[in-house]
$ cat protein.pdb   # PDB, C-alpha atoms and all ligand atoms
ATOM      1  CA  MET A   3     -68.940 -72.969  12.996
ATOM      2  CA  LYS A   4     -65.658 -71.347  14.154
ATOM      3  CA  LYS A   5     -64.235 -74.728  15.171
ATOM      4  CA  TYR A   6     -65.204 -76.108  11.740
ATOM      5  CA  PHE A   7     -63.038 -73.563   9.883
ATOM      6  CA  THR A   8     -60.228 -73.777  12.460
ATOM      7  CA  ASP A   9     -59.974 -77.518  11.846
ATOM      8  CA  ILE A  10     -59.871 -77.017   8.072
ATOM      9  CA  PHE A  11     -57.066 -74.452   8.257
ATOM     10  CA  SER A  12     -55.185 -76.560  10.778
ATOM     11  CA  GLY A  13     -55.405 -79.563   8.431
ATOM     12  CA  ILE A  14     -54.177 -77.528   5.444
ATOM     13  CA  TRP A  15     -51.340 -76.071   7.521
ATOM     14  CA  ASN A  16     -50.167 -79.528   8.644
ATOM     15  CA  LEU A  17     -50.430 -80.797   5.066
ATOM     16  CA  LEU A  18     -48.193 -77.968   3.854
ATOM     17  CA  LYS A  19     -45.652 -78.702   6.585
ATOM     18  CA  GLY A  20     -45.497 -82.344   5.423
ATOM     19  CA  MET A  21     -45.204 -81.280   1.772
ATOM     20  CA  LYS A  22     -42.341 -78.960   2.705
ATOM     21  CA  ILE A  23     -40.338 -81.900   4.114
ATOM     22  CA  THR A  24     -41.215 -84.036   1.089
ATOM     23  CA  GLY A  25     -40.071 -81.311  -1.318
ATOM     24  CA  LYS A  26     -36.826 -80.834   0.597
ATOM     25  CA  VAL A  27     -35.963 -84.558   0.369
ATOM     26  CA  LEU A  28     -36.975 -84.579  -3.296
ATOM     27  CA  VAL A  29     -34.302 -82.081  -4.293
ATOM     28  CA  SER A  30     -31.589 -83.365  -1.915
ATOM     29  CA  PRO A  31     -28.889 -85.761  -3.229
ATOM     30  CA  ALA A  32     -29.776 -89.438  -2.736
ATOM     31  CA  VAL A  33     -27.998 -91.168   0.170
ATOM     32  CA  THR A  34     -29.307 -94.663  -0.539
ATOM     33  CA  GLU A  35     -27.670 -97.230  -2.815
ATOM     34  CA  CYS A  36     -29.518 -98.587  -5.811
ATOM     35  CA  TYR A  37     -29.173-102.338  -5.221
ATOM     36  CA  PRO A  38     -29.051-104.760  -7.006
ATOM     37  CA  GLU A  39     -29.406-102.645 -10.168
ATOM     38  CA  LYS A  40     -26.081-100.885  -9.584
ATOM     39  CA  ARG A  41     -24.288-103.762  -7.888
ATOM     40  CA  ASP A  42     -21.097-103.222  -9.897
ATOM     41  CA  GLU A  43     -20.795 -99.652  -8.692
ATOM     42  CA  LEU A  44     -21.086-100.503  -4.988
ATOM     43  CA  GLN A  45     -17.846-100.013  -3.128
ATOM     44  CA  PRO A  46     -18.077-101.251   0.474
ATOM     45  CA  LYS A  47     -15.577 -99.675   2.840
ATOM     46  CA  GLU A  48     -12.383-101.614   3.384
ATOM     47  CA  ARG A  49     -12.955-101.973   7.129
ATOM     48  CA  PHE A  50     -16.485-103.289   6.619
ATOM     49  CA  ARG A  51     -16.778-106.744   8.219
ATOM     50  CA  ALA A  52     -19.068-108.792   6.030
ATOM     51  CA  GLU A  53     -17.803-112.370   6.081
ATOM     52  CA  LEU A  54     -15.124-114.303   7.913
ATOM     53  CA  THR A  55     -12.701-116.169   5.645
ATOM     54  CA  MET A  56      -9.558-118.247   5.935
ATOM     55  CA  PRO A  57      -7.037-117.283   3.243
ATOM     56  CA  HIS A  58      -5.185-120.114   1.495
ATOM     57  CA  ASN A  59      -2.038-119.800  -0.566
ATOM     58  CA  GLU A  60      -1.480-121.188  -4.063
ATOM     59  CA  ASN A  61      -0.534-124.575  -2.559
ATOM     60  CA  ASN A  62      -3.906-124.851  -0.778
ATOM     61  CA  GLU A  63      -2.295-124.158   2.588
ATOM     62  CA  HIS A  64      -3.643-122.049   5.447
ATOM     63  CA  LYS A  65      -2.131-120.777   8.693
ATOM     64  CA  CYS A  66      -4.603-122.287  11.170
ATOM     65  CA  THR A  67      -3.101-124.481  13.905
ATOM     66  CA  ALA A  68      -6.545-125.536  15.201
ATOM     67  CA  CYS A  69      -5.745-124.033  18.608
ATOM     68  CA  GLY A  70      -9.379-123.004  19.081
ATOM     69  CA  ILE A  71      -8.644-119.590  20.634
ATOM     70  CA  CYS A  72     -10.974-117.863  18.180
ATOM     71  CA  ALA A  73     -13.842-120.199  19.074
ATOM     72  CA  MET A  74     -13.211-119.702  22.805
ATOM     73  CA  ASN A  75     -13.385-115.925  22.426
ATOM     74  CA  CYS A  76     -16.407-115.815  20.146
ATOM     75  CA  PRO A  77     -19.328-114.430  22.177
ATOM     76  CA  ASN A  78     -21.925-116.202  20.060
ATOM     77  CA  GLN A  79     -20.494-119.713  19.581
ATOM     78  CA  THR A  80     -20.316-118.978  15.875
ATOM     79  CA  ILE A  81     -17.082-120.877  15.263
ATOM     80  CA  THR A  82     -16.545-124.628  15.596
ATOM     81  CA  VAL A  83     -13.026-125.995  15.254
ATOM     82  CA  LYS A  84     -12.887-129.728  14.576
ATOM     83  CA  LYS A  85      -9.430-131.202  14.883
ATOM     84  CA  SER A  86      -7.670-134.537  15.209
ATOM     85  CA  LYS A  87      -4.379-135.854  16.474
ATOM     86  CA  ILE A  88      -2.021-137.506  14.019
ATOM     87  CA  THR A  89       1.564-138.719  14.056
ATOM     88  CA  ASP A  90       3.879-136.806  11.775
ATOM     89  CA  GLU A  91       6.717-138.229   9.666
ATOM     90  CA  ASN A  92       9.078-137.887  12.640
ATOM     91  CA  GLY A  93       6.806-139.960  14.870
ATOM     92  CA  LYS A  94       5.677-136.961  16.901
ATOM     93  CA  PRO A  95       2.008-136.315  17.776
ATOM     94  CA  LYS A  96       0.536-133.373  15.907
ATOM     95  CA  ILE A  97      -2.837-131.567  15.983
ATOM     96  CA  VAL A  98      -4.349-130.909  12.563
ATOM     97  CA  LEU A  99      -7.447-129.010  11.509
ATOM     98  CA  ASP A 100     -10.273-131.144  10.124
ATOM     99  CA  GLN A 101     -13.054-128.584   9.770
ATOM    100  CA  TYR A 102     -13.297-124.904  10.556
ATOM    101  CA  LEU A 103     -17.020-124.155  10.616
ATOM    102  CA  TYR A 104     -18.372-120.624  10.631
ATOM    103  CA  ASP A 105     -22.089-119.937  11.106
ATOM    104  CA  ILE A 106     -22.579-116.551   9.531
ATOM    105  CA  GLY A 107     -26.225-116.612  10.636
ATOM    106  CA  SER A 108     -25.180-116.133  14.258
ATOM    107  CA  CYS A 109     -22.147-113.901  13.699
ATOM    108  CA  ILE A 110     -22.396-110.398  15.127
ATOM    109  CA  PHE A 111     -19.303-109.260  13.177
ATOM    110  CA  CYS A 112     -17.546-108.042  16.307
ATOM    111  CA  GLY A 113     -14.140-109.054  14.919
ATOM    112  CA  LEU A 114     -12.885-110.595  18.174
ATOM    113  CA  CYS A 115     -11.911-113.837  16.434
ATOM    114  CA  THR A 116      -9.553-112.118  14.019
ATOM    115  CA  ARG A 117      -8.020-110.071  16.813
ATOM    116  CA  VAL A 118      -7.172-113.013  19.056
ATOM    117  CA  CYS A 119      -5.897-115.411  16.390
ATOM    118  CA  PRO A 120      -2.163-115.769  17.075
ATOM    119  CA  GLN A 121      -1.472-116.942  13.523
ATOM    120  CA  GLY A 122      -3.403-114.318  11.556
ATOM    121  CA  ALA A 123      -5.174-117.241   9.922
ATOM    122  CA  ILE A 124      -8.608-115.633   9.501
ATOM    123  CA  GLU A 125      -9.808-112.278   8.211
ATOM    124  CA  PHE A 126     -12.941-110.442   7.175
ATOM    125  CA  THR A 127     -13.852-109.677   3.582
ATOM    126  CA  ASN A 128     -16.353-107.260   2.061
ATOM    127  CA  ASN A 129     -18.612-109.881   0.521
ATOM    128  CA  PHE A 130     -22.020-108.986   1.963
ATOM    129  CA  GLU A 131     -24.318-111.085  -0.239
ATOM    130  CA  HIS A 132     -25.415-114.063   1.850
ATOM    131  CA  ALA A 133     -29.032-114.601   0.875
ATOM    132  CA  VAL A 134     -29.901-118.314   0.967
ATOM    133  CA  TYR A 135     -33.129-120.270   1.316
ATOM    134  CA  THR A 136     -32.164-122.448   4.270
ATOM    135  CA  ARG A 137     -30.309-121.582   7.457
ATOM    136  CA  SER A 138     -28.082-124.641   7.142
ATOM    137  CA  LYS A 139     -26.442-123.045   4.114
ATOM    138  CA  LEU A 140     -25.246-120.212   6.329
ATOM    139  CA  ILE A 141     -22.800-122.604   8.001
ATOM    140  CA  LYS A 142     -19.621-122.464   5.952
ATOM    141  CA  GLN A 143     -16.458-124.521   6.089
ATOM    142  CA  LEU A 144     -13.583-122.071   5.847
ATOM    143  CA  ASN A 145     -10.722-124.541   5.327
ATOM    144  CA  LYS A 146     -10.797-125.812   1.766
ATOM    145  CA  PRO A 147     -11.047-129.557   1.090
ATOM    146  CA  GLY A 148      -7.627-131.169   1.048
ATOM    147  CA  SER A 149      -5.937-128.118   2.518
ATOM    148  CA  LYS A 150      -3.301-128.281   5.237
ATOM    149  CA  LYS A 151      -1.395-125.951   7.468
ATOM    150  CA  VAL A 152       1.471-124.141   5.821
ATOM    151  CA  GLU A 153       4.835-125.393   7.049
ATOM    152  CA  VAL A 154       6.859-122.575   8.510
ATOM    153  CA  ALA A 155      10.585-123.072   8.130
ATOM    154  CA  LYS A 156      12.205-123.319  11.541
ATOM    155  CA  PRO A 157      14.954-120.789  12.158
ATOM    156  CA  ALA A 158      18.402-122.285  11.676
ATOM    157  CA  ALA A 159      20.342-123.187  14.816
ATOM    158  CA  PRO A 160      22.609-120.354  15.882
ATOM    159  CA  ALA A 161      26.038-120.787  14.358
ATOM    160  CA  ALA A 162      29.144-121.109  16.519
ATOM    161  CA  LYS A 163      30.530-117.784  17.561
ATOM    162  CA  PRO A 164      33.858-117.538  15.704
ATOM    163  CA  ALA A 165      34.357-114.027  16.994
ATOM    164  CA  GLN A 166      34.514-115.257  20.597
ATOM    165  CA  ALA A 167      36.938-118.060  19.709
ATOM    166  CA  GLY A 168      39.063-115.534  17.929
ATOM    167  CA  GLN A 169      38.948-113.231  20.932
ATOM    168  CA  ASN A 170      40.251-116.012  23.186
ATOM    169  CA  GLU A 171      43.059-116.802  20.776
ATOM    170  CA  VAL A 172      44.055-113.179  20.678
ATOM    171  CA  ALA A 173      43.667-112.753  24.404
ATOM    172  CA  ALA A 174      46.213-115.447  25.284
ATOM    173  CA  PRO A 175      49.282-113.868  23.686
ATOM    174  CA  LYS A 176      48.131-110.519  25.054
ATOM    175  CA  GLN A 177      48.373-111.895  28.588
ATOM    176  CA  GLU A 178      51.810-113.286  27.791
ATOM    177  CA  ASN A 179      52.890-109.880  26.567
ATOM    178  CA  GLU A 180      51.463-108.308  29.691
ATOM    179  CA  ASN A 181      53.413-110.809  31.870
ATOM    180  CA  LYS A 182      56.612-110.006  30.001
ATOM    181  CA  GLN A 183      56.167-106.348  30.738
TER     182      GLN A 183
HETATM  183  S1  LIG B 201     -16.947-111.740  14.414
HETATM  184 FE1  LIG B 201     -17.478-112.058  16.586
HETATM  185  S2  LIG B 201     -19.382-113.230  16.519
HETATM  186 FE2  LIG B 201     -18.481-113.383  14.476
HETATM  187  S3  LIG B 201     -17.258-115.260  14.537
HETATM  188 FE3  LIG B 201     -15.875-113.603  15.086
HETATM  189  S4  LIG B 201     -15.916-113.494  17.344
HETATM  190 FE4  LIG B 201     -17.699-114.707  16.661
HETATM  191  S1  LIG B 202      -8.116-119.417  13.261
HETATM  192 FE1  LIG B 202      -6.431-118.786  14.583
HETATM  193  S2  LIG B 202      -7.261-118.777  16.684
HETATM  194 FE2  LIG B 202      -8.699-119.941  15.377
HETATM  195  S3  LIG B 202      -8.075-122.079  15.616
HETATM  196 FE3  LIG B 202      -7.013-121.267  13.799
HETATM  197  S4  LIG B 202      -5.015-120.537  14.559
HETATM  198 FE4  LIG B 202      -6.356-120.813  16.358
END

$ encode --input "protein.pdb" --output "structure tokens" --more "lines below"
Ligand code: SF4
Ligand code: SF4
Amino acid sequence: MKKYFTDIFSGIWNLLKGMKITGKVLVSPAVTECYPEKRDELQPKERFRAELTMPHNENNEHKCTACGICAMNCPNQTITVKKSKITDENGKPKIVLDQYLYDIGSCIFCGLCTRVCPQGAIEFTNNFEHAVYTRSKLIKQLNKPGSKKVEVAKPAAPAAKPAQAGQNEVAAPKQENENKQ
């Protein structure tokens, strides 16, 4: 009989302990986001890595040289760089980017690719909505159709040093003057 009542009181006691935690959470401020109902109010942090992108300028040009360093450093083989060799207008061989493929389904968002890119050609954005019905749609081509690498103006050849020529011209009569003395 004693055990019977002990079990009842023990059960009520444990129930009250649970209700205490429930009541505490009930009156605390919410820490979860109401999604998708309040999608417009969501403000992901700027440093949040959600999706790799390749920025293009208004002329549909990007900075990628198709060197493949990002793909080599990716720990998950998420990036595929397809390139080809062409001959430019000066008759010189040139590597151009055909397709820059990014499989967001296998990306671990470590950010190594953006760190190692010598051109700063890729970056992460905050777009976190990637729900699709088939995995193949998670593979994205980051270079836009018809895009090309932006041409960087080569620095002009260093001009002749007039100052030095002038120095020589001045130096000669100085020596003559010194000899006269
Ligand atoms: S963030 Fe990491 S896993 Fe994702 S593509 Fe870049 S290097 Fe690969
Ligand atoms: S994104 Fe950067 S590292 Fe990757 S292939 Fe292009 S230039 Fe090279």

$ resolve_selection --input "protein.pdb" --expression "the PyMOL selection byres (((chain A and resi 92-100) around 8) and not hetatm)" --output "count of residues only"
16

$ closest_residue --input "protein.pdb" --among "A:Thr136, A:Thr80, A:Thr8, A:Gln45" --to "A:Cys109" --atoms "all atoms listed in the file"
A:Thr80

$ residues_near_ligand --input "protein.pdb" --ligand "ligand LIG 202 (chain B)" --cutoff "6 Å" --atoms "all atoms listed in the file" --output "PDB file with C-alpha atoms, in the frame of the given file"
ATOM      1  CA  CYS A  66      -4.603-122.287  11.170  1.00  0.00           C
ATOM      2  CA  THR A  67      -3.101-124.481  13.905  1.00  0.00           C
ATOM      3  CA  ALA A  68      -6.545-125.536  15.201  1.00  0.00           C
ATOM      4  CA  CYS A  69      -5.745-124.033  18.608  1.00  0.00           C
ATOM      5  CA  GLY A  70      -9.379-123.004  19.081  1.00  0.00           C
ATOM      6  CA  ILE A  71      -8.644-119.590  20.634  1.00  0.00           C
ATOM      7  CA  CYS A  72     -10.974-117.863  18.180  1.00  0.00           C
ATOM      8  CA  CYS A 119      -5.897-115.411  16.390  1.00  0.00           C
ATOM      9  CA  PRO A 120      -2.163-115.769  17.075  1.00  0.00           C
ATOM     10  CA  GLN A 121      -1.472-116.942  13.523  1.00  0.00           C
ATOM     11  CA  ALA A 123      -5.174-117.241   9.922  1.00  0.00           C
ATOM     12  CA  ILE A 124      -8.608-115.633   9.501  1.00  0.00           C
TER      13      ILE A 124
END

$ residues_near_ligand --input "protein.pdb" --ligand "ligand LIG 201 (chain B)" --cutoff "10 Å" --atoms "all atoms listed in the file" --output "MDAnalysis selection string"
chainID A and resid 51:54 72:82 103:118 124:126

$ atom_distance --input "protein.pdb" --atom1 "atom CA of A:Lys65" --atom2 "atom CA of A:Val152"
5.7 Å

$ atom_distance --input "protein.pdb" --atom1 "atom CA of A:Lys139" --atom2 "atom CA of A:Met56"
17.6 Å

$ atom_distance --input "protein.pdb" --atom1 "atom CA of A:Glu35" --atom2 "atom CA of A:Thr55"
25.6 Å

$ closest_residue --input "protein.pdb" --among "A:Glu153, A:Asp9, A:Glu48, A:Glu63" --to "A:Asn129" --atoms "only C-alpha atoms"
A:Glu48

$ decode --input "protein.pdb" --residues "stretch 54-94 of chain A" --atoms "N, CA and C atoms" --output "mmCIF file, in the first residue's frame"
data_model
loop_
_atom_site.group_PDB
_atom_site.id
_atom_site.type_symbol
_atom_site.label_atom_id
_atom_site.label_comp_id
_atom_site.auth_asym_id
_atom_site.auth_seq_id
_atom_site.Cartn_x
_atom_site.Cartn_y
_atom_site.Cartn_z
ATOM 1 N N LEU A 54 27.193 29.140 -53.540
ATOM 2 C CA LEU A 54 28.333 29.669 -54.292
ATOM 3 C C LEU A 54 27.835 30.299 -55.588
ATOM 4 N N THR A 55 28.368 31.456 -55.929
ATOM 5 C CA THR A 55 27.966 32.131 -57.172
ATOM 6 C C THR A 55 29.202 32.697 -57.871
ATOM 7 N N MET A 56 29.025 33.009 -59.130
ATOM 8 C CA MET A 56 30.089 33.654 -59.903
ATOM 9 C C MET A 56 29.531 34.993 -60.411
ATOM 10 N N PRO A 57 29.933 36.090 -59.803
ATOM 11 C CA PRO A 57 29.400 37.388 -60.238
ATOM 12 C C PRO A 57 29.805 37.712 -61.676
ATOM 13 N N HIS A 58 28.876 38.317 -62.400
ATOM 14 C CA HIS A 58 29.127 38.801 -63.763
ATOM 15 C C HIS A 58 28.872 40.304 -63.774
ATOM 16 N N ASN A 59 29.589 40.997 -64.639
ATOM 17 C CA ASN A 59 29.326 42.440 -64.744
ATOM 18 C C ASN A 59 28.222 42.703 -65.765
ATOM 19 N N GLU A 60 27.960 43.973 -66.038
ATOM 20 C CA GLU A 60 26.858 44.327 -66.938
ATOM 21 C C GLU A 60 27.107 43.870 -68.368
ATOM 22 N N ASN A 61 28.358 43.547 -68.709
ATOM 23 C CA ASN A 61 28.675 43.063 -70.056
ATOM 24 C C ASN A 61 28.710 41.533 -70.124
ATOM 25 N N ASN A 62 28.134 40.877 -69.125
ATOM 26 C CA ASN A 62 28.116 39.419 -69.040
ATOM 27 C C ASN A 62 29.536 38.841 -69.019
ATOM 28 N N GLU A 63 30.384 39.477 -68.232
ATOM 29 C CA GLU A 63 31.773 39.017 -68.105
ATOM 30 C C GLU A 63 32.048 38.622 -66.650
ATOM 31 N N HIS A 64 32.855 37.592 -66.497
ATOM 32 C CA HIS A 64 33.249 37.128 -65.158
ATOM 33 C C HIS A 64 34.767 37.190 -65.043
ATOM 34 N N LYS A 65 35.300 36.814 -63.879
ATOM 35 C CA LYS A 65 36.743 36.914 -63.678
ATOM 36 C C LYS A 65 37.452 35.563 -63.736
ATOM 37 N N CYS A 66 36.707 34.489 -64.005
ATOM 38 C CA CYS A 66 37.295 33.150 -63.915
ATOM 39 C C CYS A 66 38.230 32.866 -65.087
ATOM 40 N N THR A 67 39.437 32.381 -64.767
ATOM 41 C CA THR A 67 40.417 32.032 -65.799
ATOM 42 C C THR A 67 40.429 30.535 -66.078
ATOM 43 N N ALA A 68 39.534 29.793 -65.434
ATOM 44 C CA ALA A 68 39.435 28.338 -65.598
ATOM 45 C C ALA A 68 40.713 27.633 -65.156
ATOM 46 N N CYS A 69 41.391 28.193 -64.151
ATOM 47 C CA CYS A 69 42.634 27.572 -63.677
ATOM 48 C C CYS A 69 42.372 26.278 -62.919
ATOM 49 N N GLY A 70 41.207 26.138 -62.328
ATOM 50 C CA GLY A 70 40.849 24.898 -61.641
ATOM 51 C C GLY A 70 41.353 24.779 -60.212
ATOM 52 N N ILE A 71 41.946 25.822 -59.664
ATOM 53 C CA ILE A 71 42.490 25.758 -58.298
ATOM 54 C C ILE A 71 41.376 25.506 -57.276
ATOM 55 N N CYS A 72 40.233 26.124 -57.507
ATOM 56 C CA CYS A 72 39.109 25.932 -56.573
ATOM 57 C C CYS A 72 38.668 24.467 -56.557
ATOM 58 N N ALA A 73 38.587 23.852 -57.737
ATOM 59 C CA ALA A 73 38.162 22.462 -57.815
ATOM 60 C C ALA A 73 39.189 21.548 -57.148
ATOM 61 N N MET A 74 40.464 21.868 -57.325
ATOM 62 C CA MET A 74 41.535 21.046 -56.726
ATOM 63 C C MET A 74 41.486 21.102 -55.202
ATOM 64 N N ASN A 75 41.092 22.239 -54.660
ATOM 65 C CA ASN A 75 41.076 22.409 -53.208
ATOM 66 C C ASN A 75 39.754 22.037 -52.559
ATOM 67 N N CYS A 76 38.749 21.777 -53.351
ATOM 68 C CA CYS A 76 37.448 21.410 -52.782
ATOM 69 C C CYS A 76 37.526 20.005 -52.182
ATOM 70 N N PRO A 77 37.212 19.855 -50.913
ATOM 71 C CA PRO A 77 37.336 18.536 -50.271
ATOM 72 C C PRO A 77 36.255 17.548 -50.683
ATOM 73 N N ASN A 78 35.252 18.017 -51.392
ATOM 74 C CA ASN A 78 34.116 17.130 -51.692
ATOM 75 C C ASN A 78 33.845 16.965 -53.188
ATOM 76 N N GLN A 79 34.799 17.365 -54.008
ATOM 77 C CA GLN A 79 34.624 17.290 -55.476
ATOM 78 C C GLN A 79 33.285 17.915 -55.904
ATOM 79 N N THR A 80 33.001 19.050 -55.342
ATOM 80 C CA THR A 80 31.735 19.725 -55.617
ATOM 81 C C THR A 80 31.796 20.564 -56.892
ATOM 82 N N ILE A 81 33.012 20.957 -57.251
ATOM 83 C CA ILE A 81 33.182 21.876 -58.395
ATOM 84 C C ILE A 81 33.789 21.130 -59.577
ATOM 85 N N THR A 82 33.241 21.363 -60.759
ATOM 86 C CA THR A 82 33.819 20.825 -61.995
ATOM 87 C C THR A 82 34.062 21.994 -62.937
ATOM 88 N N VAL A 83 35.304 22.151 -63.365
ATOM 89 C CA VAL A 83 35.645 23.224 -64.291
ATOM 90 C C VAL A 83 35.911 22.605 -65.661
ATOM 91 N N LYS A 84 35.042 22.919 -66.614
ATOM 92 C CA LYS A 84 35.232 22.435 -67.981
ATOM 93 C C LYS A 84 35.784 23.573 -68.812
ATOM 94 N N LYS A 85 36.892 23.315 -69.471
ATOM 95 C CA LYS A 85 37.546 24.392 -70.224
ATOM 96 C C LYS A 85 38.008 23.885 -71.578
ATOM 97 N N SER A 86 38.369 24.803 -72.453
ATOM 98 C CA SER A 86 38.895 24.416 -73.760
ATOM 99 C C SER A 86 39.981 25.399 -74.168
ATOM 100 N N LYS A 87 40.754 24.965 -75.139
ATOM 101 C CA LYS A 87 41.882 25.770 -75.608
ATOM 102 C C LYS A 87 41.501 26.393 -76.941
ATOM 103 N N ILE A 88 41.637 27.685 -77.045
ATOM 104 C CA ILE A 88 41.323 28.359 -78.310
ATOM 105 C C ILE A 88 42.535 29.189 -78.741
ATOM 106 N N THR A 89 42.440 29.739 -79.926
ATOM 107 C CA THR A 89 43.492 30.652 -80.399
ATOM 108 C C THR A 89 42.904 32.056 -80.427
ATOM 109 N N ASP A 90 43.564 32.972 -79.753
ATOM 110 C CA ASP A 90 43.000 34.326 -79.700
ATOM 111 C C ASP A 90 43.304 35.109 -80.974
ATOM 112 N N GLU A 91 42.858 36.354 -81.010
ATOM 113 C CA GLU A 91 43.001 37.166 -82.241
ATOM 114 C C GLU A 91 44.454 37.426 -82.608
ATOM 115 N N ASN A 92 45.361 37.244 -81.633
ATOM 116 C CA ASN A 92 46.791 37.432 -81.920
ATOM 117 C C ASN A 92 47.490 36.130 -82.275
ATOM 118 N N GLY A 93 46.693 35.058 -82.421
ATOM 119 C CA GLY A 93 47.269 33.765 -82.791
ATOM 120 C C GLY A 93 47.880 33.012 -81.630
ATOM 121 N N LYS A 94 47.617 33.465 -80.409
ATOM 122 C CA LYS A 94 48.197 32.803 -79.240
ATOM 123 C C LYS A 94 47.190 31.843 -78.622
#
